[in-house]
Amino acid sequence: MNIKISWKNVWRNKLRSLIIIIAIAIGLFGGVFTNSFFVGMTSQRVNSVISNETANIQIHHPSFLLDESINNGMDNSNTIIEKIKPIKGIKGISERLNESGMASTAEANTGVMINGIDPTKEIHVTAISKKIIQGEYLNPETKIPILIGKKLAKKLKTDIGDKVILSMADGKGEVVYAAFKVQGIYNTNNDMFDGLQVFVLKSELQQLLKTPQNYVTEIAISMENDDLTQTAKSEIEDLLNKEINSKEIIVQDWKEIDPSLDLMIQTMDTFAWFFIIIILIALAFGIINTMTMVVMERTQELGMLMAIGMNKKRIFSMILWETVFLSLVGAVFGLTISALVIGYFGKAGLDLSVFGQGMTAFGMDTIIYTKTSIDFYFTVGILVFITAIIASIFPARHALRLEPAEAVRD
Amino acid sequence: MSIIEIKNIKKVYNEKTVPVHAVNDIDLNIEEGEFTAIVGPSGCGKTTFLNMVGGLDVPTSGSVKIDGQDISGLSSKQLIDFRLHHIGFVFQAYNLIPVLTAAENVAFIMELQGVSKKEREKRAQELLDQVGIGDKFNSRPNQLSGGQQQRVAVARALASKPKFILADEPTANLDSQATGDLLDMMADLNKKLNITFLFATHDQRVMDRARRIVTLTDGEISSDELRK
Ligand SMILES: Nc1ncnc2c1ncn2[C@@H]1O[C@H](COP(=O)(O)OP(=O)(O)OP(=O)(O)O)[C@@H](O)[C@H]1O
Ligand SMILES: [Mg+2]
């Protein structure tokens, strides 16, 4: 009956209860929605880096990490690939030849990263082929094709069919150069990437740099699903154990390749929790205030209950449950609204193109799809429960300090 | 043995600052089956006295024995338990839990005592019948008149099977009709079931029905008369 009284007491002063319930609901909605926004944004960023740039796993010569030069490649790419090919969950493997160089047109020139790729393999590894906004993807049948980013095209003032001169140092340190014809322009929404990376045919780059057939600087591996990355990575490490020990190669997942992503995920996560905690602390004060008013208003009633023989433990639990119910109603309300709104923007997306320019500079999409896990709602629910229990201590203590003889007189 | 034995009780408020001698050296015995009113002008110490008898307040000195047990030495925790099992209370107002029905209010005190659910429900109905509002067992306090609410309070006080019932100004908020009816009902319980009642009142209608009237003046007994 104690719990029943607490539940019914919540609804005695409907207006006052509704105000705090709505405050809790709005507060939680703010926290949960903000979190879903950042989670969505982060996971989009991560997915776009994986699908456009790094793939899930890469293999390099250890020196390549310090100096991305054609000299720091791996000799037997074909045997490495044969070994790792059967691993479960691998979607594609692409060998690349990378070298930094200059891209020039009559109008301008700028530093670029040159990626020599096999387009038929690359198509299974990164999504560049799907990001073409003008022209077409690299076609191995054509001669001297090059794929450049939208940002770079603008910088070089060049267009489909125009010639771009790439100059670079070959393995011996001699400068070589060749003309390429712009076959396609891509746009990944990451200005930094789009302004730097150009793609040419690996076979043509090989000729230019005079490198052997199976010599590559990078092997990129994409997985069917990122959840498989860790197991695949350790399998690769087992299979290539000898090469790793003799420091011929190093295997990295995307977090190791781009540590800023992991940092971003963790920063967002910390920030989201920080935000939720601040909101809960603010709500705790609101709850304490409401429940203290409740206790003061019911002085005589509490005095009567103590007089007829309700002990302190029961008085305490009656107030505790009332606080918990009040808070949980607010939580259920707030989390339901959050789920609905997050569900909606998770499908429809939140268009931030007004801020578009600023966003793409950081590699962010302009449409954010909000995203939250069931776990998060659950955890927030538990945190509200804990907040309510802590908040109830203050009004309950106030109630317990009442002397029945005084209280019934008031 | 008297059901209530009071020896030399005193109550001094604000002992260290401006002492108020609310109750001054009262000796009084109440026997089982009495229907007694403590009367006197406002501020004479009726409520203070009743609170000490009921274990709501602790005397500054002196002793209160209920059924032979001295309660003046009990801790506040022990007193709560003692009140629950031995004393019934009816106050002037705020007697009932507003969110519970009449029957639930009566059952509530039995729940505190640990009585089984079945027993509680049966007894709550019986008691409400006894105080004459058996048909209102499902009504909440705000759906009842003042007189009906006081009847529920009496039923609730009886529910714990106390040694006696203390009632501080139980009729102060009632009109004469309701006062008369409530007093009839209580007198009936007293006569038929030998329930002991101790009132604090300055209501003439209560005094007219009391069989013993103890008058307090400035915290002391100035007269103690038996009627009829
Ligand atoms: N907590 C307190 N502190 C100080 N003085 C008090 C306190 N409670 C009561 N008093 C004083 O004790 C005296 C007796 O008060 P009490 O309430 O017992 O009188 P009463 O006879 O019940 O009056 P009424 O008929 O108005 O209810 C009064 O002078 C009152 O002011
Ligand atoms: Mg009084």
# chains A, B, ... in the order shown; residues from 1 in each chain; ligands from 1

$ interface_residues --of "chain B" --to "chain A" --cutoff "7 Å" --atoms "only C-alpha atoms" --output "number ranges by chain"
B: 51, 56-57, 80-81, 83-84, 89, 94-95, 99, 112

$ closest_atom_pairs --of "chain B" --to "ligand 1" --cutoff "12 Å" --atoms "only C-alpha atoms and all ligand atoms" --output "CSV"
residue,atom,partner,partner_atom_place_in_ligand_line,distance
B:Lys10,CA,ligand 1,12 (O),11.3
B:Lys11,CA,ligand 1,12 (O),8.5
B:Val12,CA,ligand 1,5 (N),8.0
B:Tyr13,CA,ligand 1,4 (C),4.7
B:Asn14,CA,ligand 1,4 (C),6.0
B:Glu15,CA,ligand 1,4 (C),9.3
B:Lys16,CA,ligand 1,4 (C),11.5
B:Thr17,CA,ligand 1,4 (C),10.4
B:Val18,CA,ligand 1,4 (C),8.8
B:Pro19,CA,ligand 1,4 (C),8.0
B:Val20,CA,ligand 1,5 (N),5.8
B:His21,CA,ligand 1,12 (O),6.9
B:Ala22,CA,ligand 1,12 (O),4.2
B:Val23,CA,ligand 1,14 (C),7.2
B:Asn24,CA,ligand 1,14 (C),10.5
B:Ile38,CA,ligand 1,21 (O),9.0
B:Val39,CA,ligand 1,21 (O),7.8
B:Gly40,CA,ligand 1,21 (O),6.6
B:Pro41,CA,ligand 1,25 (O),5.9
B:Ser42,CA,ligand 1,25 (O),3.4
B:Gly43,CA,ligand 1,19 (O),3.5
B:Cys44,CA,ligand 1,21 (O),4.1
B:Gly45,CA,ligand 1,18 (O),3.3
B:Lys46,CA,ligand 1,21 (O),3.8
B:Thr47,CA,ligand 1,22 (O),3.6
B:Thr48,CA,ligand 1,18 (O),3.7
B:Phe49,CA,ligand 1,18 (O),6.4
B:Leu50,CA,ligand 1,18 (O),8.0
B:Asn51,CA,ligand 1,18 (O),8.4
B:Met52,CA,ligand 1,18 (O),10.1
B:Asp57,CA,ligand 1,1 (N),10.2
B:Phe91,CA,ligand 1,27 (O),11.2
B:Gln92,CA,ligand 1,27 (O),9.9
B:Ala167,CA,ligand 1,22 (O),11.6
B:Asp168,CA,ligand 1,22 (O),8.1
B:Glu169,CA,ligand 1,27 (O),7.7
B:Pro170,CA,ligand 1,27 (O),11.3
B:Ala172,CA,ligand 1,27 (O),10.1
B:Phe199,CA,ligand 1,22 (O),11.0
B:Ala200,CA,ligand 1,22 (O),7.4
B:Thr201,CA,ligand 1,25 (O),6.9
B:His202,CA,ligand 1,25 (O),6.7
B:Asp203,CA,ligand 1,25 (O),9.8
B:Thr215,CA,ligand 1,21 (O),10.3
B:Leu216,CA,ligand 1,21 (O),8.0
B:Thr217,CA,ligand 1,21 (O),8.9
B:Asp218,CA,ligand 1,14 (C),8.0
B:Gly219,CA,ligand 1,14 (C),7.2
B:Glu220,CA,ligand 1,14 (C),11.0

$ write_last_selection --atoms "N, CA and C atoms" --output "compact mmCIF listing (two decimals), in the first residue's frame"
# COMPACT_ATOMS: atom_id res chain seq x y z
N LYS B 10 5.00 16.97 34.08
CA LYS B 10 5.20 18.38 33.80
C LYS B 10 5.69 18.49 32.38
N LYS B 11 5.30 19.59 31.75
CA LYS B 11 5.90 19.88 30.44
C LYS B 11 6.31 21.33 30.43
N VAL B 12 7.58 21.55 30.24
CA VAL B 12 8.09 22.92 30.15
C VAL B 12 8.67 23.11 28.75
N TYR B 13 8.10 24.04 27.99
CA TYR B 13 8.65 24.38 26.67
C TYR B 13 9.72 25.45 26.84
N ASN B 14 10.65 25.51 25.95
CA ASN B 14 11.73 26.52 25.96
C ASN B 14 12.37 26.66 27.33
N GLU B 15 12.74 25.51 27.90
CA GLU B 15 13.26 25.49 29.25
C GLU B 15 14.41 26.48 29.45
N LYS B 16 15.27 26.59 28.41
CA LYS B 16 16.50 27.39 28.59
C LYS B 16 16.30 28.87 28.28
N THR B 17 15.28 29.21 27.46
CA THR B 17 15.10 30.62 27.11
C THR B 17 13.98 31.26 27.91
N VAL B 18 12.75 31.15 27.39
CA VAL B 18 11.61 31.71 28.13
C VAL B 18 10.71 30.54 28.51
N PRO B 19 10.90 29.94 29.67
CA PRO B 19 10.17 28.71 29.99
C PRO B 19 8.65 28.91 29.98
N VAL B 20 7.93 27.99 29.32
CA VAL B 20 6.47 27.98 29.34
C VAL B 20 6.04 26.70 30.06
N HIS B 21 5.41 26.83 31.19
CA HIS B 21 4.95 25.65 31.94
C HIS B 21 3.58 25.26 31.43
N ALA B 22 3.57 24.46 30.37
CA ALA B 22 2.31 24.13 29.70
C ALA B 22 1.49 23.15 30.52
N VAL B 23 2.17 22.19 31.14
CA VAL B 23 1.50 21.24 32.03
C VAL B 23 2.30 21.20 33.32
N ASN B 24 1.58 21.37 34.43
CA ASN B 24 2.26 21.55 35.70
C ASN B 24 1.79 20.55 36.73
N ILE B 38 -11.19 16.27 28.74
CA ILE B 38 -10.29 17.22 29.37
C ILE B 38 -10.70 18.58 28.81
N VAL B 39 -11.11 19.48 29.67
CA VAL B 39 -11.62 20.77 29.18
C VAL B 39 -10.85 21.93 29.81
N GLY B 40 -11.13 23.09 29.31
CA GLY B 40 -10.48 24.28 29.83
C GLY B 40 -10.25 25.27 28.72
N PRO B 41 -9.94 26.50 29.08
CA PRO B 41 -9.79 27.54 28.06
C PRO B 41 -8.59 27.28 27.15
N SER B 42 -8.60 27.97 26.03
CA SER B 42 -7.52 27.81 25.07
C SER B 42 -6.18 28.13 25.71
N GLY B 43 -5.20 27.27 25.49
CA GLY B 43 -3.86 27.50 26.04
C GLY B 43 -3.66 26.93 27.42
N CYS B 44 -4.67 26.22 27.96
CA CYS B 44 -4.54 25.71 29.31
C CYS B 44 -3.71 24.43 29.37
N GLY B 45 -3.40 23.87 28.21
CA GLY B 45 -2.51 22.71 28.21
C GLY B 45 -3.16 21.39 27.82
N LYS B 46 -4.36 21.43 27.25
CA LYS B 46 -5.07 20.19 26.92
C LYS B 46 -4.30 19.34 25.91
N THR B 47 -3.91 20.01 24.81
CA THR B 47 -3.22 19.27 23.76
C THR B 47 -1.88 18.74 24.26
N THR B 48 -1.17 19.58 24.98
CA THR B 48 0.12 19.16 25.53
C THR B 48 -0.05 17.92 26.40
N PHE B 49 -1.08 17.96 27.25
CA PHE B 49 -1.34 16.84 28.14
C PHE B 49 -1.68 15.57 27.35
N LEU B 50 -2.58 15.72 26.39
CA LEU B 50 -3.02 14.57 25.60
C LEU B 50 -1.84 13.97 24.82
N ASN B 51 -0.99 14.85 24.29
CA ASN B 51 0.17 14.36 23.53
C ASN B 51 1.11 13.53 24.39
N MET B 52 1.24 13.89 25.65
CA MET B 52 2.11 13.11 26.53
C MET B 52 1.47 11.78 26.88
N ASP B 57 4.62 13.08 22.70
CA ASP B 57 5.53 14.05 23.29
C ASP B 57 6.03 13.44 24.60
N PHE B 91 -7.77 13.22 15.32
CA PHE B 91 -7.41 14.64 15.44
C PHE B 91 -8.55 15.51 14.92
N GLN B 92 -8.31 16.80 15.06
CA GLN B 92 -9.32 17.76 14.60
C GLN B 92 -9.44 17.71 13.07
N ALA B 167 -8.81 11.71 21.49
CA ALA B 167 -9.40 12.54 20.46
C ALA B 167 -9.24 14.00 20.85
N ASP B 168 -8.40 14.72 20.08
CA ASP B 168 -8.15 16.14 20.36
C ASP B 168 -9.05 16.99 19.49
N GLU B 169 -10.03 17.62 20.11
CA GLU B 169 -10.99 18.48 19.41
C GLU B 169 -11.62 17.80 18.19
N PRO B 170 -12.16 16.61 18.35
CA PRO B 170 -12.65 15.87 17.17
C PRO B 170 -13.85 16.54 16.51
N ALA B 172 -14.37 19.98 16.39
CA ALA B 172 -14.15 21.42 16.21
C ALA B 172 -14.56 21.90 14.82
N PHE B 199 -11.12 12.70 25.57
CA PHE B 199 -11.21 13.85 24.67
C PHE B 199 -10.48 15.05 25.24
N ALA B 200 -9.99 15.90 24.36
CA ALA B 200 -9.63 17.26 24.77
C ALA B 200 -10.58 18.14 23.98
N THR B 201 -11.27 19.03 24.67
CA THR B 201 -12.28 19.80 23.95
C THR B 201 -12.66 21.06 24.70
N HIS B 202 -13.18 22.05 24.01
CA HIS B 202 -13.91 23.10 24.71
C HIS B 202 -15.29 23.24 24.09
N ASP B 203 -15.73 22.14 23.49
CA ASP B 203 -17.04 22.08 22.86
C ASP B 203 -18.07 21.65 23.91
N THR B 215 -11.06 19.47 34.42
CA THR B 215 -10.83 20.84 33.96
C THR B 215 -9.39 21.26 34.27
N LEU B 216 -8.73 21.79 33.25
CA LEU B 216 -7.37 22.29 33.45
C LEU B 216 -7.39 23.81 33.48
N THR B 217 -6.59 24.35 34.39
CA THR B 217 -6.38 25.79 34.41
C THR B 217 -4.88 26.02 34.52
N ASP B 218 -4.34 26.73 33.57
CA ASP B 218 -2.90 27.00 33.54
C ASP B 218 -2.06 25.75 33.77
N GLY B 219 -2.43 24.68 33.11
CA GLY B 219 -1.62 23.47 33.19
C GLY B 219 -1.83 22.64 34.44
N GLU B 220 -2.81 23.02 35.27
CA GLU B 220 -3.07 22.21 36.47
C GLU B 220 -4.53 21.81 36.51

$ select_by_dssp --residues "region 105-228 of chain B" --states "alpha helix (DSSP H)" --output "ChimeraX atom specification"
/B:105-113,117-130,146-159,176-193,204-209

$ residues_around --residues "Gly68 (chain B)" --least-positions-apart "6" --cutoff "10 Å" --atoms "only C-alpha atoms" --output "list in words"
Met1, Ser2, Ile3, Ile4 and Glu5 of chain B

$ residues_around --residues "region 89-104 of chain A" --least-positions-apart "6" --cutoff "8 Å" --atoms "only C-alpha atoms" --output "ChimeraX atom specification"
/A:68-70,77,81,110-118,121-122,124-125,156,164-169,202,205-206,215-225,228,232

$ atom_distance --atom1 "CA of Ile160 (chain A)" --atom2 "CA of Val182 (chain A)"
5.1 Å

$ residues_around --residues "Met268 (chain A)" --least-positions-apart "5" --cutoff "8 Å" --atoms "only C-alpha atoms" --output "ChimeraX atom specification"
/A:38-39,42

$ write_last_selection --atoms "all heavy atoms" --output "PDB file, in the first residue's frame"
ATOM      1  N   PHE A  38      25.553  13.610 -32.274  1.00  0.00           N
ATOM      2  CA  PHE A  38      27.003  13.430 -32.327  1.00  0.00           C
ATOM      3  C   PHE A  38      27.387  11.995 -32.690  1.00  0.00           C
ATOM      4  O   PHE A  38      28.348  11.773 -33.418  1.00  0.00           O
ATOM      5  CB  PHE A  38      27.647  13.855 -31.006  1.00  0.00           C
ATOM      6  CG  PHE A  38      27.687  15.350 -30.855  1.00  0.00           C
ATOM      7  CD1 PHE A  38      27.171  15.971 -29.730  1.00  0.00           C
ATOM      8  CD2 PHE A  38      28.229  16.137 -31.863  1.00  0.00           C
ATOM      9  CE1 PHE A  38      27.196  17.358 -29.605  1.00  0.00           C
ATOM     10  CE2 PHE A  38      28.260  17.517 -31.739  1.00  0.00           C
ATOM     11  CZ  PHE A  38      27.735  18.122 -30.613  1.00  0.00           C
ATOM     12  N   VAL A  39      26.604  11.051 -32.166  1.00  0.00           N
ATOM     13  CA  VAL A  39      26.889   9.651 -32.517  1.00  0.00           C
ATOM     14  C   VAL A  39      26.694   9.451 -34.019  1.00  0.00           C
ATOM     15  O   VAL A  39      27.524   8.837 -34.694  1.00  0.00           O
ATOM     16  CB  VAL A  39      25.981   8.683 -31.725  1.00  0.00           C
ATOM     17  CG1 VAL A  39      26.068   7.273 -32.292  1.00  0.00           C
ATOM     18  CG2 VAL A  39      26.380   8.682 -30.255  1.00  0.00           C
ATOM     19  N   THR A  42      29.505  11.225 -35.902  1.00  0.00           N
ATOM     20  CA  THR A  42      30.769  10.505 -35.764  1.00  0.00           C
ATOM     21  C   THR A  42      30.760   9.235 -36.603  1.00  0.00           C
ATOM     22  O   THR A  42      31.718   8.942 -37.310  1.00  0.00           O
ATOM     23  CB  THR A  42      31.008  10.134 -34.285  1.00  0.00           C
ATOM     24  OG1 THR A  42      30.796  11.285 -33.500  1.00  0.00           O
ATOM     25  CG2 THR A  42      32.411   9.621 -34.078  1.00  0.00           C
TER      26      THR A  42
END

$ residues_around --residues "Thr126 (chain A)" --least-positions-apart "6" --cutoff "8 Å" --atoms "only C-alpha atoms" --output "PDB file with N, CA and C atoms, in the first residue's frame"
ATOM      1  N   ILE A  50      36.238   5.117 -43.711  1.00  0.00           N
ATOM      2  CA  ILE A  50      36.496   3.711 -44.053  1.00  0.00           C
ATOM      3  C   ILE A  50      36.157   3.458 -45.521  1.00  0.00           C
ATOM      4  N   SER A  51      34.997   3.955 -45.943  1.00  0.00           N
ATOM      5  CA  SER A  51      34.591   3.582 -47.293  1.00  0.00           C
ATOM      6  C   SER A  51      35.274   4.413 -48.382  1.00  0.00           C
ATOM      7  N   ASN A  52      35.645   5.652 -48.090  1.00  0.00           N
ATOM      8  CA  ASN A  52      36.271   6.460 -49.141  1.00  0.00           C
ATOM      9  C   ASN A  52      37.790   6.452 -49.072  1.00  0.00           C
ATOM     10  N   GLU A  53      38.324   6.344 -47.869  1.00  0.00           N
ATOM     11  CA  GLU A  53      39.750   6.614 -47.732  1.00  0.00           C
ATOM     12  C   GLU A  53      40.573   5.406 -47.312  1.00  0.00           C
ATOM     13  N   THR A  54      40.373   4.956 -46.075  1.00  0.00           N
ATOM     14  CA  THR A  54      41.343   3.994 -45.532  1.00  0.00           C
ATOM     15  C   THR A  54      41.006   2.538 -45.806  1.00  0.00           C
ATOM     16  N   ALA A  55      39.756   2.213 -46.074  1.00  0.00           N
ATOM     17  CA  ALA A  55      39.268   0.831 -45.998  1.00  0.00           C
ATOM     18  C   ALA A  55      39.430   0.376 -44.551  1.00  0.00           C
ATOM     19  N   SER A 222      39.147  -4.245 -47.514  1.00  0.00           N
ATOM     20  CA  SER A 222      37.854  -3.831 -46.973  1.00  0.00           C
ATOM     21  C   SER A 222      37.110  -5.059 -46.492  1.00  0.00           C
TER      22      SER A 222
END

$ residues_around --residues "region 248-252 of chain A" --least-positions-apart "3" --cutoff "10 Å" --atoms "only C-alpha atoms" --output "count of residues only"
33

$ decode --residues "region 35-57 of chain A" --atoms "N, CA, C and O atoms" --output "mmCIF file, in the first residue's frame"
data_model
loop_
_atom_site.group_PDB
_atom_site.id
_atom_site.type_symbol
_atom_site.label_atom_id
_atom_site.label_comp_id
_atom_site.auth_asym_id
_atom_site.auth_seq_id
_atom_site.Cartn_x
_atom_site.Cartn_y
_atom_site.Cartn_z
ATOM 1 N N ASN A 35 23.152 13.749 -28.050
ATOM 2 C CA ASN A 35 24.015 12.576 -28.142
ATOM 3 C C ASN A 35 23.823 11.856 -29.479
ATOM 4 O O ASN A 35 24.792 11.502 -30.142
ATOM 5 N N SER A 36 22.555 11.666 -29.859
ATOM 6 C CA SER A 36 22.290 10.925 -31.097
ATOM 7 C C SER A 36 22.841 11.676 -32.302
ATOM 8 O O SER A 36 23.270 11.081 -33.282
ATOM 9 N N PHE A 37 22.821 12.998 -32.196
ATOM 10 C CA PHE A 37 23.360 13.822 -33.272
ATOM 11 C C PHE A 37 24.868 13.581 -33.410
ATOM 12 O O PHE A 37 25.378 13.325 -34.496
ATOM 13 N N PHE A 38 25.553 13.610 -32.274
ATOM 14 C CA PHE A 38 27.003 13.430 -32.327
ATOM 15 C C PHE A 38 27.387 11.995 -32.690
ATOM 16 O O PHE A 38 28.348 11.773 -33.418
ATOM 17 N N VAL A 39 26.604 11.051 -32.166
ATOM 18 C CA VAL A 39 26.889 9.651 -32.517
ATOM 19 C C VAL A 39 26.694 9.451 -34.019
ATOM 20 O O VAL A 39 27.524 8.837 -34.694
ATOM 21 N N GLY A 40 25.588 10.026 -34.545
ATOM 22 C CA GLY A 40 25.318 9.900 -35.977
ATOM 23 C C GLY A 40 26.428 10.543 -36.795
ATOM 24 O O GLY A 40 26.953 9.943 -37.743
ATOM 25 N N MET A 41 26.798 11.740 -36.386
ATOM 26 C CA MET A 41 27.825 12.477 -37.117
ATOM 27 C C MET A 41 29.156 11.716 -37.083
ATOM 28 O O MET A 41 29.820 11.557 -38.109
ATOM 29 N N THR A 42 29.505 11.225 -35.902
ATOM 30 C CA THR A 42 30.769 10.505 -35.764
ATOM 31 C C THR A 42 30.760 9.235 -36.603
ATOM 32 O O THR A 42 31.718 8.942 -37.310
ATOM 33 N N SER A 43 29.647 8.491 -36.521
ATOM 34 C CA SER A 43 29.664 7.217 -37.226
ATOM 35 C C SER A 43 29.628 7.451 -38.736
ATOM 36 O O SER A 43 30.220 6.690 -39.500
ATOM 37 N N GLN A 44 28.974 8.535 -39.175
ATOM 38 C CA GLN A 44 29.009 8.863 -40.605
ATOM 39 C C GLN A 44 30.432 9.202 -41.043
ATOM 40 O O GLN A 44 30.890 8.776 -42.094
ATOM 41 N N ARG A 45 31.092 9.977 -40.195
ATOM 42 C CA ARG A 45 32.467 10.366 -40.501
ATOM 43 C C ARG A 45 33.355 9.125 -40.576
ATOM 44 O O ARG A 45 34.126 8.946 -41.513
ATOM 45 N N VAL A 46 33.187 8.245 -39.573
ATOM 46 C CA VAL A 46 33.992 7.022 -39.542
ATOM 47 C C VAL A 46 33.698 6.171 -40.775
ATOM 48 O O VAL A 46 34.606 5.717 -41.469
ATOM 49 N N ASN A 47 32.404 5.996 -41.057
ATOM 50 C CA ASN A 47 32.048 5.170 -42.212
ATOM 51 C C ASN A 47 32.567 5.769 -43.501
ATOM 52 O O ASN A 47 32.991 5.044 -44.407
ATOM 53 N N SER A 48 32.539 7.103 -43.582
ATOM 54 C CA SER A 48 32.980 7.686 -44.842
ATOM 55 C C SER A 48 34.494 7.587 -44.970
ATOM 56 O O SER A 48 35.015 7.371 -46.057
ATOM 57 N N VAL A 49 35.191 7.687 -43.843
ATOM 58 C CA VAL A 49 36.647 7.497 -43.913
ATOM 59 C C VAL A 49 36.951 6.055 -44.329
ATOM 60 O O VAL A 49 37.776 5.806 -45.201
ATOM 61 N N ILE A 50 36.238 5.117 -43.711
ATOM 62 C CA ILE A 50 36.496 3.711 -44.053
ATOM 63 C C ILE A 50 36.157 3.458 -45.521
ATOM 64 O O ILE A 50 36.940 2.856 -46.251
ATOM 65 N N SER A 51 34.997 3.955 -45.943
ATOM 66 C CA SER A 51 34.591 3.582 -47.293
ATOM 67 C C SER A 51 35.274 4.413 -48.382
ATOM 68 O O SER A 51 35.493 3.920 -49.478
ATOM 69 N N ASN A 52 35.645 5.652 -48.090
ATOM 70 C CA ASN A 52 36.271 6.460 -49.141
ATOM 71 C C ASN A 52 37.790 6.452 -49.072
ATOM 72 O O ASN A 52 38.457 6.615 -50.080
ATOM 73 N N GLU A 53 38.324 6.344 -47.869
ATOM 74 C CA GLU A 53 39.750 6.614 -47.732
ATOM 75 C C GLU A 53 40.573 5.406 -47.312
ATOM 76 O O GLU A 53 41.359 4.872 -48.086
ATOM 77 N N THR A 54 40.373 4.956 -46.075
ATOM 78 C CA THR A 54 41.343 3.994 -45.532
ATOM 79 C C THR A 54 41.006 2.538 -45.806
ATOM 80 O O THR A 54 41.890 1.699 -45.722
ATOM 81 N N ALA A 55 39.756 2.213 -46.074
ATOM 82 C CA ALA A 55 39.268 0.831 -45.998
ATOM 83 C C ALA A 55 39.430 0.376 -44.551
ATOM 84 O O ALA A 55 39.751 1.201 -43.692
ATOM 85 N N ASN A 56 39.203 -0.902 -44.243
ATOM 86 C CA ASN A 56 39.228 -1.312 -42.846
ATOM 87 C C ASN A 56 40.634 -1.622 -42.339
ATOM 88 O O ASN A 56 40.962 -1.364 -41.191
ATOM 89 N N ILE A 57 41.438 -2.188 -43.225
ATOM 90 C CA ILE A 57 42.775 -2.623 -42.812
ATOM 91 C C ILE A 57 43.762 -2.257 -43.924
ATOM 92 O O ILE A 57 43.395 -2.298 -45.112
#
